[in-house]
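Data block for final.txt (compact mmCIF, C-alpha atoms and all ligand atoms):
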```
# COMPACT_ATOMS: atom_id res chain seq x y z
CA MET C 1 -36.71 8.79 -71.67
CA SER C 2 -36.46 11.59 -74.25
CA ARG C 3 -33.32 13.20 -72.76
CA SER C 4 -29.93 11.56 -72.15
CA PRO C 5 -29.61 9.69 -68.85
CA ARG C 6 -27.83 11.59 -66.08
CA ILE C 7 -25.28 9.52 -64.21
CA ALA C 8 -23.31 10.78 -61.21
CA VAL C 9 -20.22 8.85 -60.17
CA VAL C 10 -18.87 9.37 -56.66
CA GLY C 11 -15.51 7.64 -56.67
CA SER C 12 -11.89 7.24 -57.49
CA ALA C 13 -9.61 8.55 -60.21
CA ASN C 14 -6.20 6.92 -60.66
CA VAL C 15 -3.40 6.83 -63.16
CA ASP C 16 -2.72 3.26 -64.30
CA LEU C 17 0.84 2.06 -64.90
CA THR C 18 0.37 -1.23 -66.70
CA THR C 19 3.14 -3.74 -67.36
CA PHE C 20 2.60 -6.69 -69.68
CA SER C 21 4.85 -9.66 -68.94
CA ASP C 22 5.09 -13.41 -69.60
CA ARG C 23 5.87 -13.92 -65.93
CA PHE C 24 6.52 -11.86 -62.81
CA PRO C 25 9.78 -11.68 -60.80
CA ARG C 26 10.51 -13.78 -57.74
CA PRO C 27 11.86 -11.98 -54.62
CA GLY C 28 15.29 -10.47 -55.44
CA GLU C 29 14.96 -11.19 -59.17
CA THR C 30 15.01 -8.66 -62.04
CA ILE C 31 13.49 -9.66 -65.37
CA PHE C 32 12.56 -7.92 -68.63
CA ALA C 33 8.86 -7.34 -69.32
CA GLN C 34 7.36 -6.99 -72.82
CA LYS C 35 5.33 -3.81 -72.79
CA PHE C 36 4.22 -0.81 -70.70
CA ASP C 37 1.13 1.39 -70.90
CA LEU C 38 0.29 4.61 -69.04
CA GLY C 39 -3.37 5.62 -68.93
CA PHE C 40 -6.18 7.17 -66.95
CA GLY C 41 -7.95 4.72 -64.66
CA GLY C 42 -9.52 4.30 -61.25
CA LYS C 43 -12.73 2.37 -60.85
CA GLY C 44 -14.87 5.50 -60.43
CA ALA C 45 -13.33 7.35 -63.36
CA ASN C 46 -13.54 4.26 -65.57
CA GLN C 47 -17.23 3.83 -64.80
CA ALA C 48 -17.85 7.53 -65.50
CA VAL C 49 -16.06 7.26 -68.85
CA ALA C 50 -17.96 4.10 -69.84
CA ALA C 51 -21.26 5.83 -69.01
CA ARG C 52 -20.24 8.92 -70.97
CA LEU C 53 -19.18 6.90 -74.02
CA CYS C 54 -22.53 5.09 -73.88
CA GLY C 55 -24.25 8.45 -74.28
CA ALA C 56 -25.07 9.68 -70.75
CA GLU C 57 -24.52 13.12 -69.28
CA VAL C 58 -21.99 12.33 -66.56
CA ALA C 59 -20.77 14.21 -63.51
CA MET C 60 -17.90 13.04 -61.33
CA VAL C 61 -17.33 13.68 -57.62
CA ALA C 62 -13.65 12.92 -56.92
CA ARG C 63 -10.36 14.08 -55.46
CA VAL C 64 -7.01 14.15 -57.28
CA GLY C 65 -3.52 14.99 -56.05
CA ALA C 66 -1.38 18.08 -56.28
CA ASP C 67 1.01 16.44 -58.74
CA LEU C 68 1.42 16.05 -62.51
CA PHE C 69 -1.42 13.51 -62.65
CA GLY C 70 -4.06 15.67 -60.93
CA PRO C 71 -4.60 18.37 -63.60
CA ALA C 72 -4.12 15.80 -66.37
CA THR C 73 -6.91 13.67 -64.89
CA ILE C 74 -9.27 16.67 -64.71
CA ASP C 75 -8.34 17.56 -68.29
CA ASN C 76 -9.13 14.03 -69.44
CA PHE C 77 -12.62 14.23 -67.89
CA LYS C 78 -13.20 17.62 -69.54
CA LYS C 79 -12.11 16.40 -72.97
CA LEU C 80 -14.63 13.57 -72.68
CA GLY C 81 -17.39 16.00 -71.69
CA ILE C 82 -17.65 14.85 -68.08
CA ASP C 83 -18.72 17.50 -65.56
CA THR C 84 -15.77 18.19 -63.22
CA GLY C 85 -17.43 20.83 -61.01
CA HIS C 86 -16.94 18.49 -58.03
CA VAL C 87 -13.47 17.15 -58.88
CA LYS C 88 -10.91 18.97 -56.73
CA GLN C 89 -7.15 18.86 -56.28
CA VAL C 90 -5.90 18.17 -52.73
CA GLU C 91 -2.69 19.85 -51.58
CA GLY C 92 -0.09 17.60 -49.95
CA LEU C 93 -1.42 14.33 -51.38
CA SER C 94 -0.46 12.31 -54.45
CA SER C 95 -3.03 11.31 -57.02
CA GLY C 96 -4.29 7.75 -56.86
CA VAL C 97 -2.03 5.43 -58.85
CA ALA C 98 -2.34 1.79 -59.83
CA PRO C 99 0.62 -0.38 -60.84
CA ILE C 100 -1.07 -3.14 -62.89
CA PHE C 101 0.44 -6.42 -64.12
CA VAL C 102 -1.12 -8.25 -67.07
CA GLU C 103 -0.35 -11.85 -68.03
CA PRO C 104 -0.36 -13.12 -71.63
CA ASN C 105 -3.92 -14.47 -71.24
CA GLY C 106 -5.16 -10.98 -70.31
CA GLN C 107 -5.54 -11.71 -66.59
CA ASN C 108 -4.60 -8.74 -64.38
CA ARG C 109 -3.26 -8.08 -60.87
CA ILE C 110 -3.70 -4.57 -59.49
CA LEU C 111 -2.11 -2.59 -56.64
CA VAL C 112 -3.85 0.67 -55.74
CA VAL C 113 -2.28 3.58 -53.88
CA LYS C 114 -5.35 5.59 -52.95
CA GLY C 115 -3.64 8.97 -52.39
CA ALA C 116 -6.12 11.84 -52.75
CA ASN C 117 -9.05 9.44 -53.25
CA ASP C 118 -8.98 8.97 -49.49
CA ALA C 119 -9.72 12.66 -49.00
CA LEU C 120 -13.27 12.40 -50.45
CA LYS C 121 -15.49 12.83 -47.39
CA PRO C 122 -19.23 12.85 -46.60
CA ILE C 123 -19.12 16.65 -46.51
CA ASP C 124 -18.22 16.54 -50.22
CA ILE C 125 -21.47 14.66 -50.91
CA ASP C 126 -23.34 17.51 -49.23
CA ALA C 127 -21.42 20.03 -51.34
CA ALA C 128 -22.47 18.14 -54.50
CA ALA C 129 -26.07 17.58 -53.31
CA GLU C 130 -27.74 19.78 -55.92
CA MET C 131 -26.03 18.01 -58.82
CA LEU C 132 -26.58 14.56 -57.25
CA ARG C 133 -30.30 15.21 -56.77
CA ALA C 134 -30.68 15.73 -60.52
CA ALA C 135 -29.09 12.35 -61.35
CA ASP C 136 -31.01 9.30 -62.58
CA CYS C 137 -28.43 7.08 -60.94
CA ILE C 138 -25.55 7.42 -58.48
CA VAL C 139 -22.67 4.99 -58.96
CA LEU C 140 -20.21 4.13 -56.16
CA GLN C 141 -17.17 1.91 -55.56
CA PHE C 142 -14.81 1.18 -52.66
CA GLU C 143 -11.67 3.16 -53.61
CA ILE C 144 -12.79 6.11 -51.45
CA PRO C 145 -13.45 6.05 -47.68
CA LEU C 146 -16.26 3.64 -46.77
CA GLU C 147 -17.92 6.31 -44.60
CA THR C 148 -18.36 8.40 -47.77
CA VAL C 149 -19.79 5.43 -49.67
CA TYR C 150 -22.28 4.68 -46.88
CA TYR C 151 -23.24 8.35 -46.65
CA ALA C 152 -23.86 8.50 -50.41
CA ILE C 153 -26.03 5.35 -50.27
CA SER C 154 -28.15 6.89 -47.56
CA PHE C 155 -28.34 10.20 -49.52
CA ALA C 156 -29.54 8.33 -52.63
CA LYS C 157 -32.10 6.39 -50.61
CA LYS C 158 -33.50 9.53 -48.95
CA LYS C 159 -33.81 11.29 -52.30
CA GLY C 160 -35.21 8.24 -54.13
CA ILE C 161 -32.31 8.10 -56.61
CA ARG C 162 -31.27 4.74 -58.07
CA CYS C 163 -27.95 3.67 -56.58
CA ILE C 164 -25.40 1.13 -57.82
CA LEU C 165 -22.46 0.00 -55.67
CA ASN C 166 -19.45 -1.83 -57.06
CA PRO C 167 -17.79 -3.11 -53.85
CA ALA C 168 -14.29 -3.07 -55.34
CA PRO C 169 -11.60 -3.63 -54.19
CA GLY C 170 -13.20 -6.36 -52.07
CA GLN C 171 -13.36 -5.68 -48.34
CA THR C 172 -15.52 -6.44 -45.34
CA VAL C 173 -18.75 -4.50 -45.48
CA GLU C 174 -21.16 -3.21 -42.85
CA MET C 175 -24.27 -4.96 -44.20
CA SER C 176 -26.73 -2.58 -42.51
CA ALA C 177 -25.16 0.33 -44.45
CA LEU C 178 -26.20 -1.32 -47.71
CA ALA C 179 -29.92 -1.28 -46.88
CA GLY C 180 -31.87 0.44 -49.61
CA LEU C 181 -29.20 -0.11 -52.25
CA ASP C 182 -30.70 -0.94 -55.65
CA TYR C 183 -27.78 -2.87 -57.18
CA LEU C 184 -24.70 -4.42 -55.61
CA ILE C 185 -22.33 -5.51 -58.40
CA PRO C 186 -19.22 -7.42 -57.23
CA ASN C 187 -16.99 -9.79 -59.17
CA GLU C 188 -16.27 -13.29 -57.81
CA SER C 189 -13.57 -12.29 -55.29
CA GLU C 190 -15.44 -9.19 -54.13
CA ALA C 191 -18.59 -11.28 -53.62
CA GLU C 192 -16.54 -13.70 -51.51
CA ALA C 193 -15.10 -10.83 -49.44
CA ILE C 194 -18.64 -9.73 -48.58
CA SER C 195 -20.33 -13.09 -48.06
CA GLY C 196 -17.51 -15.42 -47.03
CA ILE C 197 -18.70 -17.82 -49.78
CA ALA C 198 -16.07 -18.67 -52.40
CA VAL C 199 -17.34 -18.24 -55.97
CA ARG C 200 -15.76 -20.85 -58.27
CA ASN C 201 -18.75 -21.57 -60.51
CA LEU C 202 -22.33 -20.54 -61.26
CA GLU C 203 -23.81 -22.62 -58.45
CA ASP C 204 -21.47 -20.92 -55.93
CA ALA C 205 -22.43 -17.54 -57.39
CA LYS C 206 -26.14 -18.31 -56.86
CA LYS C 207 -25.53 -19.36 -53.23
CA CYS C 208 -23.40 -16.31 -52.63
CA ALA C 209 -25.98 -13.92 -54.14
CA GLU C 210 -28.76 -15.57 -52.09
CA GLY C 211 -26.66 -15.13 -48.92
CA ILE C 212 -26.03 -11.44 -49.61
CA LEU C 213 -29.69 -10.78 -50.48
CA ALA C 214 -30.82 -12.51 -47.28
CA SER C 215 -28.42 -10.64 -45.00
CA SER C 216 -28.71 -7.13 -46.47
CA GLY C 217 -31.45 -4.83 -47.65
CA VAL C 218 -30.03 -4.84 -51.19
CA ARG C 219 -32.67 -5.20 -53.97
CA ARG C 220 -30.49 -6.91 -56.59
CA VAL C 221 -27.11 -8.56 -56.67
CA ILE C 222 -25.27 -8.96 -59.96
CA ILE C 223 -22.08 -11.02 -59.77
CA THR C 224 -19.85 -10.45 -62.77
CA LEU C 225 -18.16 -13.71 -63.77
CA GLY C 226 -15.48 -12.60 -66.23
CA ALA C 227 -15.55 -14.77 -69.36
CA ASN C 228 -18.64 -16.55 -67.98
CA GLY C 229 -20.94 -13.54 -68.19
CA SER C 230 -22.87 -12.51 -65.08
CA LEU C 231 -25.51 -13.62 -62.61
CA LEU C 232 -28.54 -11.39 -61.99
CA ALA C 233 -30.21 -12.22 -58.68
CA SER C 234 -33.19 -10.95 -56.71
CA ARG C 235 -34.86 -12.46 -53.64
CA GLU C 236 -37.34 -14.23 -55.95
CA ALA C 237 -35.10 -15.63 -58.70
CA SER C 238 -31.69 -15.61 -60.33
CA GLU C 239 -30.68 -15.78 -63.97
CA HIS C 240 -27.37 -16.44 -65.70
CA LEU C 241 -26.72 -13.78 -68.35
CA SER C 242 -24.59 -15.35 -71.06
CA PRO C 243 -21.23 -13.97 -72.12
CA PHE C 244 -20.18 -13.11 -75.68
CA ALA C 245 -17.09 -14.64 -77.28
CA VAL C 246 -14.27 -12.10 -77.62
CA ASN C 247 -10.48 -12.14 -78.07
CA THR C 248 -9.24 -10.93 -74.69
CA VAL C 249 -5.87 -9.16 -74.48
CA ASP C 250 -6.33 -7.19 -71.23
CA SER C 251 -9.26 -7.70 -68.86
CA THR C 252 -8.42 -4.63 -66.72
CA GLY C 253 -11.46 -2.37 -66.30
CA ALA C 254 -13.98 -4.89 -67.69
CA GLY C 255 -16.00 -4.72 -64.46
CA ASP C 256 -16.03 -0.93 -64.71
CA ALA C 257 -17.17 -1.13 -68.34
CA PHE C 258 -20.02 -3.41 -67.20
CA ILE C 259 -21.15 -1.03 -64.44
CA GLY C 260 -20.92 2.25 -66.38
CA SER C 261 -22.79 0.83 -69.37
CA PHE C 262 -25.36 -1.02 -67.20
CA ALA C 263 -26.23 2.24 -65.41
CA VAL C 264 -26.92 3.92 -68.75
CA PHE C 265 -28.90 1.05 -70.32
CA LEU C 266 -31.06 0.84 -67.20
CA ALA C 267 -31.62 4.61 -67.11
CA GLU C 268 -32.71 4.43 -70.76
CA GLY C 269 -35.57 2.22 -69.60
CA MET C 270 -34.29 -1.23 -70.57
CA SER C 271 -35.23 -4.22 -68.43
CA GLU C 272 -32.54 -5.45 -66.01
CA ARG C 273 -32.04 -8.56 -68.15
CA GLU C 274 -31.61 -6.58 -71.38
CA ALA C 275 -29.34 -4.02 -69.68
CA GLY C 276 -27.26 -6.84 -68.12
CA LEU C 277 -26.86 -8.70 -71.42
CA ARG C 278 -25.75 -5.54 -73.21
CA ALA C 279 -23.37 -4.70 -70.35
CA ASN C 280 -21.88 -8.21 -70.71
CA LEU C 281 -21.07 -7.43 -74.34
CA TYR C 282 -19.81 -3.92 -73.54
CA ALA C 283 -17.49 -5.37 -70.86
CA GLY C 284 -16.34 -8.18 -73.14
CA LEU C 285 -15.45 -5.75 -75.93
CA SER C 286 -13.41 -3.67 -73.47
CA THR C 287 -11.07 -6.64 -72.97
CA THR C 288 -10.12 -6.71 -76.66
CA GLY C 289 -7.90 -3.60 -76.26
CA ILE C 290 -5.18 -2.69 -73.77
CA GLY C 291 -5.70 -0.27 -70.90
CA THR C 292 -8.95 0.63 -69.18
CA GLN C 293 -10.71 3.77 -70.44
CA LYS C 294 -8.94 3.69 -73.79
CA SER C 295 -10.31 0.21 -74.50
CA PHE C 296 -13.97 1.26 -74.00
CA TYR C 297 -16.26 1.44 -77.05
CA ASP C 298 -18.36 4.49 -77.87
CA ARG C 299 -22.10 4.02 -78.39
CA VAL C 300 -21.99 3.93 -82.19
CA ARG C 301 -19.38 1.15 -82.25
CA PHE C 302 -21.13 -0.69 -79.44
CA ASP C 303 -24.56 -0.55 -81.09
CA ALA C 304 -23.04 -1.94 -84.31
CA GLU C 305 -21.47 -4.83 -82.35
CA TRP C 306 -24.75 -5.46 -80.52
CA ALA C 307 -26.70 -5.55 -83.80
CA GLY C 308 -24.09 -7.97 -85.20
CA GLN C 309 -24.46 -10.28 -82.19
CA ARG C 310 -28.26 -10.26 -82.55
CA LEU C 311 -27.95 -11.28 -86.23
CA LYS C 312 -25.78 -14.28 -85.22
CA LYS C 313 -28.62 -15.65 -82.99
O1 LIG C 401 -10.91 -1.73 -62.31
C1 LIG C 401 -9.69 -1.34 -62.88
C2 LIG C 401 -9.12 -0.20 -62.12
O2 LIG C 401 -8.78 -0.63 -60.83
C3 LIG C 401 -7.87 0.38 -62.69
O3 LIG C 401 -8.11 1.41 -63.59
C4 LIG C 401 -7.09 0.80 -61.45
O4 LIG C 401 -6.85 2.17 -61.39
C5 LIG C 401 -7.88 0.30 -60.27
O5 LIG C 401 -8.66 1.29 -59.72
```
Could you render the structure from this file as structure tokens?
Amino acid sequence: MSRSPRIAVVGSANVDLTTFSDRFPRPGETIFAQKFDLGFGGKGANQAVAARLCGAEVAMVARVGADLFGPATIDNFKKLGIDTGHVKQVEGLSSGVAPIFVEPNGQNRILVVKGANDALKPIDIDAAAEMLRAADCIVLQFEIPLETVYYAISFAKKKGIRCILNPAPGQTVEMSALAGLDYLIPNESEAEAISGIAVRNLEDAKKCAEGILASSGVRRVIITLGANGSLLASREASEHLSPFAVNTVDSTGAGDAFIGSFAVFLAEGMSEREAGLRANLYAGLSTTGIGTQKSFYDRVRFDAEWAGQRLKK
């Protein structure tokens, strides 16, 4: 591809309020935590930012609230060069917010208040149709109404546009609505929410991916496995894509880093395996800094890391 990939993200934008603590309070208890971080987040916005930093032209379809966070979120997209023509403020609703708790080993727990994200409706897909038709890939998650996600999948299928769904946060899914989807990319708990099969190791992940592929019309399932890399599965075969060793301080947003970068690598013409391996590294590197979007690497830094990893092999 001689031009930059065009990625459209239909999804959420939140503000993340992240607290770092050695432990978390019991009911009725007050304790001191170590650190706090305020940053732009939301699975959709994070994936858009990762794709943009990897070099794509990115457009976002989203809803933000009529509060302090709404205009700031739109401003953040603009500063990064993300098209905000279809990001609108909704009167009477708060912006999406996410109180996040991070343990010393980098593990996170996230609460999401969806706020204005819930106001993104199928009619908004129609309003963005011209821009979406020009995309190489449409990327979706589950922090907006499911009816909008399903509508966008069917739009992408009708127009022959590659479509990636990150079914996060995990919830029960209408399998028939996923027919025609190119990539379903859950983490372990999201994969379990869809399939009912607990994912504790690679063997479980393979069984789970096989189950999802057999019961849906999805072409590929990629289960992200945190520090264990990812599993790329089709109806014919599955392959474990190895992780890269990194010093994790905050794993929040690593799945989003994987998805945004994977969409770009794929649109650049890389094989699924190559794109998945690079996305593993991109996601791993994102865990070496705190926060979500602010921990993502730009393409120059990422390519240097990738070249370094290749030299080690
Ligand atoms: O995946 C991480 C994201 O989940 C955070 O940015 C938070 O906003 C929630 O959407």
| query | Using only C-alpha atoms and all ligand atoms, which protein or nucleic acid residues are at most 10 Å from ligand LIG 401 (chain C), as a PyMOL selection string? | reply | chain C and resi 11-18+39-47+96-100+108-114+141-143+168-169+251-257+291-293
| note | Using all atoms listed in the file, the shortest atom-to-atom distance to Ala59 in chain C among C:Lys79, C:Met1, C:Ile125, C:Met131 belongs to C:Met131
| What is the distance between CA of Val199 in chain C and CA of Val49 in chain C, in Å to one decimal? |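 These atoms are spaced 28.6 Å apart.
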| message | For a quick check of understanding, using all atoms listed in the file, which of C:Val64, C:Leu277, C:Ala72, C:Phe101 has the smallest distance to Gln34 in chain C? | response |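 The shortest atom-to-atom distance to Gln34 in chain C comes from C:Phe101.
Minimum atom-to-atom distances from C:His240, C:Arg3, C:Arg278, C:Arg301 to Phe258 in chain C were compared using all atoms listed in the file, and the lowest value belongs to C:Arg278.
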Residues of range 74-158 of chain C that have any atom at most 7 Å from an atom of range 244-250 of chain C: could you tabulate them with the shortest-distance atom pair and the distance in Å to one decimal, using all atoms listed in the file, ordered by chain and increasing number, as JSON lines?
```
{"residue": "C:Val102", "atom": "CA", "partner": "C:Asp250", "partner_atom": "CA", "distance": 6.8}
{"residue": "C:Asn105", "atom": "CA", "partner": "C:Val249", "partner_atom": "CA", "distance": 6.5}
{"residue": "C:Gly106", "atom": "CA", "partner": "C:Asp250", "partner_atom": "CA", "distance": 4.1}
{"residue": "C:Gln107", "atom": "CA", "partner": "C:Asp250", "partner_atom": "CA", "distance": 6.5}
```
Output as lines of an AutoDock Vina configuration file the centre and edge lengths (Å, one decimal) of the box along x, y and z of the file that holds every listed atom of range 131-144 of chain C after adding 5 Å on each side.
```
center_x = -21.3
center_y = 9.6
center_z = -57.0
size_x = 29.3
size_y = 26.8
size_z = 21.1
```
| request: Using CA of Thr172 in chain C and CA of Arg219 in chain C as the two end points, give the distance in Å to one decimal. | output: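 Distance between the two atoms: 19.2 Å.
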| Gap from CA of Gly211 in chain C to CA of Asn166 in chain C - Å, one decimal | 17.2 Å
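When all atoms listed in the file are used to compute distances to Thr287 in chain C, the closest of the residues C:Pro186, C:Pro5, C:Gly28, C:Gly226 turns out to be C:Gly226.
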| field | Contacts of Ala275 in chain C within 9 Å, all atoms listed in the file, excl. fewer than 2 positions in-chain, as a list in words | value | Ser261, Phe262, Ala263, Val264, Phe265, Leu266, Gly269, Met270, Ser271, Glu272, Arg273, Leu277, Arg278, Ala279 and Asn280 of chain C
| said: Restricting the calculation to all atoms listed in the file: of C:Asp136, C:Glu57, C:Glu103, C:Asp118, which residue gets closest to Thr19 in chain C? | reply: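 Looking only at the distances to Thr19 in chain C, the closest residue turns out to be C:Glu103.
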